[in-house]
>>> print(open('structure.cif').read())   # mmCIF, N, CA and C atoms and all ligand atoms
data_work
#
loop_
_atom_site.group_PDB
_atom_site.id
_atom_site.type_symbol
_atom_site.label_atom_id
_atom_site.label_comp_id
_atom_site.auth_asym_id
_atom_site.auth_seq_id
_atom_site.Cartn_x
_atom_site.Cartn_y
_atom_site.Cartn_z
ATOM 1 N N MET A 214 -138.098 -18.104 100.065
ATOM 2 C CA MET A 214 -137.006 -18.590 99.204
ATOM 3 C C MET A 214 -137.563 -19.049 97.853
ATOM 4 N N ALA A 215 -138.298 -18.185 97.197
ATOM 5 C CA ALA A 215 -138.880 -18.545 95.904
ATOM 6 C C ALA A 215 -137.795 -18.748 94.858
ATOM 7 N N GLY A 216 -136.745 -17.917 94.929
ATOM 8 C CA GLY A 216 -135.661 -18.019 93.951
ATOM 9 C C GLY A 216 -134.979 -19.365 94.019
ATOM 10 N N MET A 217 -134.761 -19.832 95.249
ATOM 11 C CA MET A 217 -134.108 -21.123 95.441
ATOM 12 C C MET A 217 -134.954 -22.248 94.838
ATOM 13 N N GLY A 218 -136.247 -22.154 95.050
ATOM 14 C CA GLY A 218 -137.132 -23.178 94.499
ATOM 15 C C GLY A 218 -137.056 -23.224 92.986
ATOM 16 N N TYR A 219 -136.942 -22.054 92.384
ATOM 17 C CA TYR A 219 -136.874 -21.998 90.921
ATOM 18 C C TYR A 219 -135.602 -22.677 90.418
ATOM 19 N N VAL A 220 -134.496 -22.433 91.144
ATOM 20 C CA VAL A 220 -133.220 -23.053 90.754
ATOM 21 C C VAL A 220 -133.331 -24.573 90.824
ATOM 22 N N VAL A 221 -133.977 -25.064 91.896
ATOM 23 C CA VAL A 221 -134.135 -26.517 92.050
ATOM 24 C C VAL A 221 -134.963 -27.085 90.904
ATOM 25 N N ILE A 222 -136.028 -26.372 90.552
ATOM 26 C CA ILE A 222 -136.876 -26.825 89.437
ATOM 27 C C ILE A 222 -136.076 -26.855 88.139
ATOM 28 N N CYS A 223 -135.269 -25.807 87.919
ATOM 29 C CA CYS A 223 -134.445 -25.752 86.703
ATOM 30 C C CYS A 223 -133.473 -26.935 86.659
ATOM 31 N N LEU A 224 -132.852 -27.220 87.803
ATOM 32 C CA LEU A 224 -131.906 -28.334 87.854
ATOM 33 C C LEU A 224 -132.626 -29.648 87.563
ATOM 34 N N PHE A 225 -133.802 -29.796 88.145
ATOM 35 C CA PHE A 225 -134.570 -31.018 87.948
ATOM 36 C C PHE A 225 -134.910 -31.206 86.472
ATOM 37 N N PHE A 226 -135.417 -30.148 85.861
ATOM 38 C CA PHE A 226 -135.752 -30.236 84.434
ATOM 39 C C PHE A 226 -134.493 -30.449 83.601
ATOM 40 N N GLY A 227 -133.400 -29.808 84.024
ATOM 41 C CA GLY A 227 -132.145 -29.966 83.297
ATOM 42 C C GLY A 227 -131.701 -31.416 83.278
ATOM 43 N N LEU A 228 -131.744 -32.062 84.450
ATOM 44 C CA LEU A 228 -131.327 -33.465 84.550
ATOM 45 C C LEU A 228 -132.254 -34.358 83.727
ATOM 46 N N ALA A 229 -133.560 -34.088 83.827
ATOM 47 C CA ALA A 229 -134.519 -34.906 83.071
ATOM 48 C C ALA A 229 -134.305 -34.738 81.576
ATOM 49 N N GLY A 230 -134.168 -33.490 81.135
ATOM 50 C CA GLY A 230 -133.956 -33.224 79.711
ATOM 51 C C GLY A 230 -132.646 -33.829 79.229
ATOM 52 N N GLY A 231 -131.599 -33.708 80.048
ATOM 53 C CA GLY A 231 -130.304 -34.271 79.680
ATOM 54 C C GLY A 231 -130.371 -35.783 79.536
ATOM 55 N N ALA A 232 -131.082 -36.426 80.468
ATOM 56 C CA ALA A 232 -131.208 -37.886 80.421
ATOM 57 C C ALA A 232 -131.973 -38.312 79.173
ATOM 58 N N VAL A 233 -133.041 -37.591 78.855
ATOM 59 C CA VAL A 233 -133.821 -37.912 77.654
ATOM 60 C C VAL A 233 -132.958 -37.729 76.413
ATOM 61 N N GLY A 234 -132.225 -36.606 76.372
ATOM 62 C CA GLY A 234 -131.370 -36.332 75.217
ATOM 63 C C GLY A 234 -130.329 -37.427 75.021
ATOM 64 N N ARG A 235 -129.740 -37.881 76.139
ATOM 65 C CA ARG A 235 -128.683 -38.872 76.028
ATOM 66 C C ARG A 235 -129.227 -40.222 75.569
ATOM 67 N N THR A 236 -130.392 -40.629 76.069
ATOM 68 C CA THR A 236 -130.948 -41.914 75.624
ATOM 69 C C THR A 236 -131.264 -41.881 74.141
ATOM 70 N N LYS A 237 -131.438 -40.670 73.589
ATOM 71 C CA LYS A 237 -131.744 -40.569 72.161
ATOM 72 C C LYS A 237 -130.478 -40.406 71.337
ATOM 73 N N GLY A 238 -129.322 -40.587 71.964
ATOM 74 C CA GLY A 238 -128.075 -40.545 71.222
ATOM 75 C C GLY A 238 -127.564 -39.132 70.994
ATOM 76 N N SER A 239 -128.125 -38.172 71.732
ATOM 77 C CA SER A 239 -127.659 -36.798 71.598
ATOM 78 C C SER A 239 -126.801 -36.444 72.815
ATOM 79 N N SER A 240 -126.468 -35.186 72.958
ATOM 80 C CA SER A 240 -125.579 -34.754 74.032
ATOM 81 C C SER A 240 -126.345 -34.514 75.336
ATOM 82 N N PHE A 241 -125.840 -35.103 76.433
ATOM 83 C CA PHE A 241 -126.459 -34.868 77.731
ATOM 84 C C PHE A 241 -126.346 -33.399 78.118
ATOM 85 N N LEU A 242 -125.134 -32.842 77.962
ATOM 86 C CA LEU A 242 -124.880 -31.465 78.387
ATOM 87 C C LEU A 242 -125.757 -30.475 77.625
ATOM 88 N N LEU A 243 -125.849 -30.698 76.318
ATOM 89 C CA LEU A 243 -126.656 -29.808 75.479
ATOM 90 C C LEU A 243 -128.094 -29.748 75.981
ATOM 91 N N TRP A 244 -128.677 -30.927 76.204
ATOM 92 C CA TRP A 244 -130.094 -30.956 76.610
ATOM 93 C C TRP A 244 -130.271 -30.580 78.065
ATOM 94 N N PHE A 245 -129.237 -30.786 78.876
ATOM 95 C CA PHE A 245 -129.272 -30.309 80.257
ATOM 96 C C PHE A 245 -129.398 -28.794 80.250
ATOM 97 N N LEU A 246 -128.555 -28.140 79.443
ATOM 98 C CA LEU A 246 -128.563 -26.676 79.390
ATOM 99 C C LEU A 246 -129.888 -26.154 78.855
ATOM 100 N N ILE A 247 -130.365 -26.748 77.754
ATOM 101 C CA ILE A 247 -131.621 -26.298 77.162
ATOM 102 C C ILE A 247 -132.762 -26.439 78.170
ATOM 103 N N SER A 248 -132.835 -27.608 78.814
ATOM 104 C CA SER A 248 -133.944 -27.870 79.737
ATOM 105 C C SER A 248 -133.842 -27.043 81.004
ATOM 106 N N ALA A 249 -132.615 -26.716 81.444
ATOM 107 C CA ALA A 249 -132.451 -25.909 82.648
ATOM 108 C C ALA A 249 -132.767 -24.446 82.371
ATOM 109 N N LEU A 250 -132.463 -23.984 81.168
ATOM 110 C CA LEU A 250 -132.693 -22.583 80.833
ATOM 111 C C LEU A 250 -134.165 -22.312 80.560
ATOM 112 N N ILE A 251 -134.808 -23.217 79.829
ATOM 113 C CA ILE A 251 -136.244 -23.078 79.581
ATOM 114 C C ILE A 251 -136.920 -24.365 80.046
ATOM 115 N N PRO A 252 -137.123 -24.469 81.373
ATOM 116 C CA PRO A 252 -137.496 -25.738 82.010
ATOM 117 C C PRO A 252 -138.512 -26.589 81.258
ATOM 118 N N LEU A 253 -139.738 -26.143 81.169
ATOM 119 C CA LEU A 253 -140.772 -27.027 80.628
ATOM 120 C C LEU A 253 -140.590 -27.239 79.127
ATOM 121 N N LEU A 254 -140.355 -26.161 78.403
ATOM 122 C CA LEU A 254 -140.213 -26.258 76.950
ATOM 123 C C LEU A 254 -138.981 -27.059 76.559
ATOM 124 N N GLY A 255 -137.895 -26.888 77.326
ATOM 125 C CA GLY A 255 -136.673 -27.620 77.016
ATOM 126 C C GLY A 255 -136.880 -29.113 77.119
ATOM 127 N N LEU A 256 -137.565 -29.525 78.190
ATOM 128 C CA LEU A 256 -137.820 -30.958 78.384
ATOM 129 C C LEU A 256 -138.733 -31.494 77.275
ATOM 130 N N LEU A 257 -139.738 -30.705 76.930
ATOM 131 C CA LEU A 257 -140.637 -31.118 75.842
ATOM 132 C C LEU A 257 -139.864 -31.247 74.535
ATOM 133 N N ALA A 258 -138.957 -30.314 74.295
ATOM 134 C CA ALA A 258 -138.154 -30.365 73.071
ATOM 135 C C ALA A 258 -137.308 -31.631 73.055
ATOM 136 N N ALA A 259 -136.739 -31.972 74.216
ATOM 137 C CA ALA A 259 -135.919 -33.189 74.295
ATOM 138 C C ALA A 259 -136.771 -34.421 74.003
ATOM 139 N N LEU A 260 -138.001 -34.421 74.508
ATOM 140 C CA LEU A 260 -138.891 -35.564 74.291
ATOM 141 C C LEU A 260 -139.298 -35.674 72.825
ATOM 142 N N CYS A 261 -139.479 -34.532 72.171
ATOM 143 C CA CYS A 261 -139.909 -34.534 70.777
ATOM 144 C C CYS A 261 -138.740 -34.737 69.824
ATOM 145 N N TYR A 262 -137.549 -34.512 70.333
ATOM 146 C CA TYR A 262 -136.365 -34.612 69.499
ATOM 147 C C TYR A 262 -136.277 -36.003 68.897
ATOM 148 N N ARG A 263 -135.890 -36.081 67.622
ATOM 149 C CA ARG A 263 -135.856 -37.388 66.975
ATOM 150 C C ARG A 263 -134.748 -38.261 67.561
ATOM 151 N N TRP A 264 -134.933 -39.568 67.464
ATOM 152 C CA TRP A 264 -133.939 -40.507 67.971
ATOM 153 C C TRP A 264 -132.760 -40.516 67.014
ATOM 154 N N GLU A 265 -131.706 -39.820 67.406
ATOM 155 C CA GLU A 265 -130.563 -39.640 66.518
ATOM 156 C C GLU A 265 -130.001 -40.966 66.023
ATOM 157 N N ASP A 266 -129.898 -41.971 66.919
ATOM 158 C CA ASP A 266 -129.243 -43.215 66.515
ATOM 159 C C ASP A 266 -130.239 -44.220 65.932
ATOM 160 N N ARG A 267 -131.484 -43.797 65.764
ATOM 161 C CA ARG A 267 -132.454 -44.700 65.121
ATOM 162 C C ARG A 267 -132.781 -44.257 63.704
ATOM 163 N N GLU A 268 -132.127 -43.180 63.267
ATOM 164 C CA GLU A 268 -132.346 -42.694 61.916
ATOM 165 C C GLU A 268 -131.690 -43.648 60.919
ATOM 166 N N LEU A 269 -132.364 -43.861 59.802
ATOM 167 C CA LEU A 269 -131.729 -44.608 58.723
ATOM 168 C C LEU A 269 -130.603 -43.753 58.148
ATOM 169 N N ARG A 270 -129.610 -44.422 57.604
ATOM 170 C CA ARG A 270 -128.469 -43.687 57.066
ATOM 171 C C ARG A 270 -128.233 -44.079 55.621
ATOM 172 N N ARG A 271 -127.363 -43.344 54.957
ATOM 173 C CA ARG A 271 -126.935 -43.697 53.610
ATOM 174 C C ARG A 271 -125.549 -43.120 53.408
ATOM 175 N N GLN A 272 -124.930 -43.620 52.325
ATOM 176 C CA GLN A 272 -123.560 -43.224 52.077
ATOM 177 C C GLN A 272 -123.511 -42.160 50.993
ATOM 178 N N CYS A 273 -122.709 -41.145 51.203
ATOM 179 C CA CYS A 273 -122.537 -40.100 50.192
ATOM 180 C C CYS A 273 -121.802 -40.679 48.991
ATOM 181 N N PRO A 274 -122.372 -40.546 47.784
ATOM 182 C CA PRO A 274 -121.711 -41.087 46.589
ATOM 183 C C PRO A 274 -120.437 -40.317 46.243
ATOM 184 N N GLY A 275 -120.303 -39.111 46.790
ATOM 185 C CA GLY A 275 -119.133 -38.308 46.468
ATOM 186 C C GLY A 275 -117.901 -38.697 47.267
ATOM 187 N N CYS A 276 -118.053 -38.768 48.589
ATOM 188 C CA CYS A 276 -116.875 -38.982 49.422
ATOM 189 C C CYS A 276 -116.987 -40.242 50.267
ATOM 190 N N GLY A 277 -118.133 -40.908 50.256
ATOM 191 C CA GLY A 277 -118.262 -42.154 50.995
ATOM 192 C C GLY A 277 -118.646 -41.979 52.452
ATOM 193 N N ARG A 278 -118.849 -40.754 52.891
ATOM 194 C CA ARG A 278 -119.213 -40.515 54.276
ATOM 195 C C ARG A 278 -120.636 -41.014 54.538
ATOM 196 N N VAL A 279 -120.853 -41.636 55.691
ATOM 197 C CA VAL A 279 -122.193 -42.084 56.054
ATOM 198 C C VAL A 279 -122.937 -40.920 56.704
ATOM 199 N N VAL A 280 -124.062 -40.548 56.105
ATOM 200 C CA VAL A 280 -124.844 -39.421 56.625
ATOM 201 C C VAL A 280 -126.266 -39.887 56.930
ATOM 202 N N LYS A 281 -127.028 -39.056 57.595
ATOM 203 C CA LYS A 281 -128.414 -39.397 57.899
ATOM 204 C C LYS A 281 -129.237 -39.409 56.611
ATOM 205 N N LEU A 282 -130.235 -40.265 56.599
ATOM 206 C CA LEU A 282 -131.065 -40.429 55.405
ATOM 207 C C LEU A 282 -131.728 -39.113 55.002
ATOM 208 N N HIS A 283 -132.129 -38.323 56.002
ATOM 209 C CA HIS A 283 -132.879 -37.102 55.699
ATOM 210 C C HIS A 283 -131.986 -35.925 55.342
ATOM 211 N N ASP A 284 -130.663 -36.096 55.427
ATOM 212 C CA ASP A 284 -129.765 -34.994 55.084
ATOM 213 C C ASP A 284 -129.841 -34.709 53.583
ATOM 214 N N ALA A 285 -129.987 -33.452 53.232
ATOM 215 C CA ALA A 285 -130.106 -33.091 51.816
ATOM 216 C C ALA A 285 -128.744 -32.753 51.221
ATOM 217 N N LYS A 286 -127.738 -32.623 52.105
ATOM 218 C CA LYS A 286 -126.424 -32.213 51.635
ATOM 219 C C LYS A 286 -125.370 -32.897 52.480
ATOM 220 N N CYS A 287 -124.279 -33.341 51.846
ATOM 221 C CA CYS A 287 -123.201 -33.983 52.591
ATOM 222 C C CYS A 287 -122.416 -32.933 53.357
ATOM 223 N N MET A 288 -122.191 -33.195 54.657
ATOM 224 C CA MET A 288 -121.497 -32.228 55.493
ATOM 225 C C MET A 288 -119.996 -32.212 55.198
ATOM 226 N N ARG A 289 -119.477 -33.262 54.567
ATOM 227 C CA ARG A 289 -118.042 -33.300 54.336
ATOM 228 C C ARG A 289 -117.673 -32.670 52.987
ATOM 229 N N CYS A 290 -118.338 -33.113 51.904
ATOM 230 C CA CYS A 290 -117.922 -32.635 50.582
ATOM 231 C C CYS A 290 -118.914 -31.637 49.990
ATOM 232 N N GLY A 291 -120.057 -31.435 50.645
ATOM 233 C CA GLY A 291 -120.993 -30.414 50.177
ATOM 234 C C GLY A 291 -121.856 -30.855 49.010
ATOM 235 N N ARG A 292 -121.815 -32.125 48.653
ATOM 236 C CA ARG A 292 -122.587 -32.633 47.525
ATOM 237 C C ARG A 292 -124.080 -32.664 47.864
ATOM 238 N N GLU A 293 -124.897 -32.240 46.912
ATOM 239 C CA GLU A 293 -126.339 -32.343 47.082
ATOM 240 C C GLU A 293 -126.720 -33.811 47.003
ATOM 241 N N LEU A 294 -127.582 -34.266 47.893
ATOM 242 C CA LEU A 294 -127.895 -35.689 47.937
ATOM 243 C C LEU A 294 -129.336 -35.933 47.513
ATOM 244 N N GLU A 295 -129.495 -36.782 46.511
ATOM 245 C CA GLU A 295 -130.826 -37.233 46.114
ATOM 246 C C GLU A 295 -131.345 -38.168 47.199
ATOM 247 N N PHE A 296 -132.659 -38.337 47.269
ATOM 248 C CA PHE A 296 -133.162 -39.335 48.202
ATOM 249 C C PHE A 296 -132.755 -40.706 47.671
ATOM 250 N N PRO A 297 -132.082 -41.512 48.477
ATOM 251 C CA PRO A 297 -131.456 -42.744 47.974
ATOM 252 C C PRO A 297 -132.429 -43.897 47.805
ATOM 253 N N GLU A 298 -132.022 -44.847 46.955
ATOM 254 C CA GLU A 298 -132.821 -46.067 46.786
ATOM 255 C C GLU A 298 -132.501 -47.057 47.892
ATOM 256 N N VAL A 299 -131.256 -47.017 48.356
ATOM 257 C CA VAL A 299 -130.832 -47.927 49.413
ATOM 258 C C VAL A 299 -130.480 -47.125 50.656
ATOM 259 N N ALA A 300 -130.951 -47.609 51.785
ATOM 260 C CA ALA A 300 -130.589 -46.971 53.042
ATOM 261 C C ALA A 300 -129.744 -47.939 53.860
ATOM 262 N N ILE A 301 -128.939 -47.400 54.720
ATOM 263 C CA ILE A 301 -128.143 -48.213 55.636
ATOM 264 C C ILE A 301 -128.902 -48.288 56.957
ATOM 265 N N ALA A 302 -128.873 -49.440 57.593
ATOM 266 C CA ALA A 302 -129.579 -49.607 58.863
ATOM 267 C C ALA A 302 -129.084 -48.590 59.882
ATOM 268 N N SER A 303 -129.979 -48.190 60.781
ATOM 269 C CA SER A 303 -129.621 -47.210 61.792
ATOM 270 C C SER A 303 -128.594 -47.782 62.756
ATOM 271 N N GLU A 304 -127.907 -46.894 63.465
ATOM 272 C CA GLU A 304 -126.904 -47.329 64.437
ATOM 273 C C GLU A 304 -127.528 -48.226 65.506
ATOM 274 N N ALA A 305 -128.728 -47.883 65.929
ATOM 275 C CA ALA A 305 -129.396 -48.687 66.955
ATOM 276 C C ALA A 305 -129.669 -50.097 66.443
ATOM 277 N N ALA A 306 -130.089 -50.208 65.183
ATOM 278 C CA ALA A 306 -130.383 -51.523 64.604
ATOM 279 C C ALA A 306 -129.104 -52.340 64.475
ATOM 280 N N VAL A 307 -128.009 -51.680 64.075
ATOM 281 C CA VAL A 307 -126.722 -52.376 63.947
ATOM 282 C C VAL A 307 -126.274 -52.892 65.312
ATOM 283 N N ARG A 308 -126.452 -52.061 66.346
ATOM 284 C CA ARG A 308 -126.063 -52.481 67.700
ATOM 285 C C ARG A 308 -126.871 -53.695 68.142
ATOM 286 N N ARG A 309 -128.169 -53.684 67.797
ATOM 287 C CA ARG A 309 -129.018 -54.817 68.176
ATOM 288 C C ARG A 309 -128.530 -56.108 67.527
ATOM 289 N N GLN A 310 -128.134 -56.015 66.230
ATOM 290 C CA GLN A 310 -127.665 -57.195 65.522
ATOM 291 C C GLN A 310 -126.380 -57.714 66.137
ATOM 292 N N ALA A 311 -125.511 -56.788 66.532
ATOM 293 C CA ALA A 311 -124.202 -57.169 67.054
ATOM 294 C C ALA A 311 -124.338 -57.813 68.428
ATOM 295 N N ALA A 312 -125.316 -57.372 69.202
ATOM 296 C CA ALA A 312 -125.457 -57.837 70.580
ATOM 297 C C ALA A 312 -125.957 -59.293 70.611
HETATM 298 ZN ZN ZN A 401 -119.767 -36.358 50.608
#
>>> encode(input="structure.cif", output="structure tokens", more="lines below")
Ligand SMILES: [Zn+2]
Amino acid sequence: MAGMGYVVICLFFGLAGGAVGRTKGSSFLLWFLISALIPLLGLLAALCYRWEDRELRRQCPGCGRVVKLHDAKCMRCGRELEFPEVAIASEAAVRRQAA
């Protein structure tokens, strides 16, 4: 039953990758699928993936939308964004302050 064993391994990696993805503020399902389809590499990718909710943010001067600090372009109005002088605290930092 080698095939069955492979499925179990894929599921295991899928769950691990999904859990890692979710703790980093990303989608559980997305990382579950990635890690289950390419077991070892998917999990490694999830581990290397940046902490989405720990990124510094800034506000788009064009439309006021809060975007990630490293974004070069606003996703809402399409404005090119200079690297800002002021950054907004990350979501994780804001949550810590509120708690
Ligand atoms: Zn904008």
>>> residues_near_ligand(input="structure.cif", ligand="ligand ZN 401 (chain A)", cutoff="5 Å", atoms="all atoms listed in the file", output="list in words")
Cys273, Gly275, Cys276, Gly277, Cys287, Arg289, Cys290 and Gly291 of chain A
>>> resolve_selection(input="structure.cif", expression="the PyMOL selection byres (((chain A and resi 237) around 8) and not hetatm)", output="VMD selection string")
chain A and resid 231 to 236 238 to 240 262 to 267
>>> write_last_selection(input="structure.cif", atoms="N, CA and C atoms", output="mmCIF file, in the frame of the given file")
data_model
loop_
_atom_site.group_PDB
_atom_site.id
_atom_site.type_symbol
_atom_site.label_atom_id
_atom_site.label_comp_id
_atom_site.auth_asym_id
_atom_site.auth_seq_id
_atom_site.Cartn_x
_atom_site.Cartn_y
_atom_site.Cartn_z
ATOM 1 N N GLY A 231 -131.599 -33.708 80.048
ATOM 2 C CA GLY A 231 -130.304 -34.271 79.680
ATOM 3 C C GLY A 231 -130.371 -35.783 79.536
ATOM 4 N N ALA A 232 -131.082 -36.426 80.468
ATOM 5 C CA ALA A 232 -131.208 -37.886 80.421
ATOM 6 C C ALA A 232 -131.973 -38.312 79.173
ATOM 7 N N VAL A 233 -133.041 -37.591 78.855
ATOM 8 C CA VAL A 233 -133.821 -37.912 77.654
ATOM 9 C C VAL A 233 -132.958 -37.729 76.413
ATOM 10 N N GLY A 234 -132.225 -36.606 76.372
ATOM 11 C CA GLY A 234 -131.370 -36.332 75.217
ATOM 12 C C GLY A 234 -130.329 -37.427 75.021
ATOM 13 N N ARG A 235 -129.740 -37.881 76.139
ATOM 14 C CA ARG A 235 -128.683 -38.872 76.028
ATOM 15 C C ARG A 235 -129.227 -40.222 75.569
ATOM 16 N N THR A 236 -130.392 -40.629 76.069
ATOM 17 C CA THR A 236 -130.948 -41.914 75.624
ATOM 18 C C THR A 236 -131.264 -41.881 74.141
ATOM 19 N N GLY A 238 -129.322 -40.587 71.964
ATOM 20 C CA GLY A 238 -128.075 -40.545 71.222
ATOM 21 C C GLY A 238 -127.564 -39.132 70.994
ATOM 22 N N SER A 239 -128.125 -38.172 71.732
ATOM 23 C CA SER A 239 -127.659 -36.798 71.598
ATOM 24 C C SER A 239 -126.801 -36.444 72.815
ATOM 25 N N SER A 240 -126.468 -35.186 72.958
ATOM 26 C CA SER A 240 -125.579 -34.754 74.032
ATOM 27 C C SER A 240 -126.345 -34.514 75.336
ATOM 28 N N TYR A 262 -137.549 -34.512 70.333
ATOM 29 C CA TYR A 262 -136.365 -34.612 69.499
ATOM 30 C C TYR A 262 -136.277 -36.003 68.897
ATOM 31 N N ARG A 263 -135.890 -36.081 67.622
ATOM 32 C CA ARG A 263 -135.856 -37.388 66.975
ATOM 33 C C ARG A 263 -134.748 -38.261 67.561
ATOM 34 N N TRP A 264 -134.933 -39.568 67.464
ATOM 35 C CA TRP A 264 -133.939 -40.507 67.971
ATOM 36 C C TRP A 264 -132.760 -40.516 67.014
ATOM 37 N N GLU A 265 -131.706 -39.820 67.406
ATOM 38 C CA GLU A 265 -130.563 -39.640 66.518
ATOM 39 C C GLU A 265 -130.001 -40.966 66.023
ATOM 40 N N ASP A 266 -129.898 -41.971 66.919
ATOM 41 C CA ASP A 266 -129.243 -43.215 66.515
ATOM 42 C C ASP A 266 -130.239 -44.220 65.932
ATOM 43 N N ARG A 267 -131.484 -43.797 65.764
ATOM 44 C CA ARG A 267 -132.454 -44.700 65.121
ATOM 45 C C ARG A 267 -132.781 -44.257 63.704
#
>>> resolve_selection(input="structure.cif", expression="the PyMOL selection byres (((chain A and resi 297-309) around 7) and not hetatm)", output="list in words")
Glu265, Asp266, Arg267, Glu268, Leu269, Arg270, Arg271, Gln272, Leu282, Leu294, Glu295, Phe296, Gln310, Ala311 and Ala312 of chain A
>>> resolve_selection(input="structure.cif", expression="the PyMOL selection byres (((chain A and resi 230) around 8) and not hetatm)", output="list in words")
Leu224, Phe225, Phe226, Gly227, Leu228, Ala229, Gly231, Ala232, Val233, Gly234, Arg235, Thr236, Ser240, Phe241, Leu242, Leu243, Trp244, Phe245, Leu246, Ile247, Ser248, Ala249, Gly255, Leu256, Leu257, Ala258, Ala259 and Leu260 of chain A
>>> atom_distance(input="structure.cif", atom1="atom C of Val220 of chain A", atom2="atom C of Leu253 of chain A")
14.0 Å
>>> select_by_dssp(input="structure.cif", residues="chain A", states="strand (DSSP E)", output="list in words")
Arg270, Arg271, Gln272, Val279, Val280 and Lys281 of chain A
>>> atom_distance(input="structure.cif", atom1="atom CA of Pro252 of chain A", atom2="atom CA of Tyr219 of chain A")
9.7 Å
